[in-house]
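Structure file input_4.cif (mmCIF, C-alpha atoms) is printed below.
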data_structure
loop_
_atom_site.label_atom_id
_atom_site.label_comp_id
_atom_site.auth_asym_id
_atom_site.auth_seq_id
_atom_site.Cartn_x
_atom_site.Cartn_y
_atom_site.Cartn_z
CA MET A 750 43.47 14.16 -130.19
CA ASN A 751 45.90 11.38 -129.50
CA LYS A 752 49.65 11.93 -129.25
CA ASN A 753 50.43 10.13 -132.51
CA ASP A 754 48.06 12.38 -134.47
CA ALA A 755 49.34 15.44 -132.61
CA THR A 756 52.91 14.55 -133.59
CA LYS A 757 51.94 14.18 -137.25
CA MET A 758 50.04 17.47 -137.25
CA ARG A 759 52.96 19.23 -135.56
CA ASP A 760 55.37 17.84 -138.15
CA HIS A 761 53.16 19.07 -141.01
CA GLY A 762 52.80 22.47 -139.39
CA LEU A 763 56.57 22.82 -138.98
CA ALA A 764 57.11 21.66 -142.57
CA ALA A 765 54.64 24.31 -143.76
CA ILE A 766 56.58 26.97 -141.86
CA ARG A 767 59.83 25.80 -143.48
CA GLU A 768 58.22 25.95 -146.94
CA LEU A 769 56.82 29.43 -146.34
CA THR A 770 60.23 30.59 -145.17
CA ALA A 771 61.80 29.14 -148.33
CA ALA A 772 59.23 30.96 -150.45
CA PHE A 773 60.08 34.23 -148.71
CA ASN A 774 63.79 33.63 -149.29
CA ILE A 775 63.07 33.28 -153.02
CA ALA A 776 61.09 36.52 -152.93
CA GLN A 777 63.96 38.34 -151.25
CA ALA A 778 66.30 37.25 -154.01
CA GLY A 779 64.08 38.00 -156.97
CA CYS A 780 61.23 40.39 -156.23
CA SER A 781 60.97 44.13 -156.06
CA GLU A 782 61.01 45.73 -152.62
CA GLU A 783 57.25 46.33 -152.80
CA GLU A 784 56.52 42.75 -153.84
CA CYS A 785 58.87 41.43 -151.18
CA GLU A 786 57.08 43.42 -148.46
CA ARG A 787 53.69 42.07 -149.56
CA ILE A 788 55.03 38.52 -149.60
CA LYS A 789 56.74 39.04 -146.24
CA ARG A 790 53.41 40.11 -144.75
CA GLY A 791 51.58 37.13 -146.21
CA VAL A 792 54.24 34.69 -145.06
CA GLY A 793 54.36 36.25 -141.60
CA LEU A 794 50.60 36.13 -141.16
CA SER A 795 50.51 32.53 -142.37
CA ILE A 796 53.29 31.43 -140.02
CA GLY A 797 51.61 33.24 -137.15
CA ARG A 798 48.33 31.45 -137.75
CA ILE A 799 50.04 28.07 -137.98
CA GLN A 800 51.83 28.78 -134.71
CA MET A 801 48.82 30.08 -132.81
CA GLU A 802 45.98 28.01 -134.25
CA LEU A 803 47.74 24.67 -134.75
CA LEU A 804 51.00 24.36 -132.86
CA GLU A 805 49.83 26.10 -129.68
CA VAL A 806 46.72 23.89 -129.58
CA ILE A 807 48.94 20.82 -129.83
CA ASN A 808 51.47 22.19 -127.31
CA ALA A 809 48.72 22.90 -124.79
CA GLU A 810 47.77 19.24 -124.76
CA TYR A 811 51.24 17.77 -125.31
CA PRO A 812 53.88 20.24 -124.06
CA GLU A 813 56.61 17.68 -124.70
CA LEU A 814 55.97 18.09 -128.45
CA ASP A 815 56.78 21.82 -128.36
CA ASP A 816 59.71 22.21 -130.74
CA LEU A 817 60.84 25.41 -129.02
CA ILE A 818 61.10 23.75 -125.60
CA THR A 819 62.78 20.69 -127.12
CA ASN A 820 65.34 22.85 -128.98
CA GLU A 821 66.07 24.97 -125.89
CA GLU A 822 66.64 21.86 -123.78
CA SER A 823 68.97 20.44 -126.44
CA ALA A 824 71.03 23.63 -126.44
CA ASN A 825 71.56 23.51 -122.66
#
Any chance you could put this one into structure tokens?
Amino acid sequence: MNKNDATKMRDHGLAAIRELTAAFNIAQAGCSEEECERIKRGVGLSIGRIQMELLEVINAEYPELDDLITNEESAN
């Protein structure tokens, strides 16, 4: 993969994580405890797969695109 495509894929992966988090926040506000736990599990599994099977693949080839490293460096 080239860096331009990797950047686009990373951005889509991070956007998907933000959307899943927003969906979970809605569930917390309006679902029963049982429903919320099921949704939490689904969201958590989905975010984990995005992280491990998309973002980590990209980060292995282009470590400079790792949003966690970039954010940590910005904080220091």
Length of the CA of Glu805 (chain A) to CA of Ala772 (chain A) vector [Å]: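 Computing the Euclidean distance for CA of Glu805 (chain A) and CA of Ala772 (chain A) yields 23.3 Å.
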Long-range neighbours of region 761-770 of chain A as a list in words, 9 Å cut-off, only C-alpha atoms, 5 positions minimum in chain: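 Listed by chain and then number, they are Thr756, Ile775, Val792, Gly793, Ser795, Ile796, Ile799, Gln800, Leu803, Leu804 and Asp816 of chain A.
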Counting all atoms listed in the file, the residue of A:Met750, A:Leu814, A:Phe773, A:Asn808 that sits nearest Ile788 (chain A):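 Selected residue with least distance to Ile788 (chain A): A:Phe773.
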Nearby residues, (49.0, 17.2, -124.7) file frame, 12 Å, all atoms listed in the file, as a ChimeraX atom specification: /A:750-756,759,804-815
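Rounded to one decimal, CA of Asp760 (chain A) and CA of Lys789 (chain A) lie 22.7 Å from each other.
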Between CA of Ala771 (chain A) and CA of Glu802 (chain A) - distance in Å to one decimal: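 Separation of CA of Glu802 (chain A) and CA of Ala771 (chain A): 21.2 Å.
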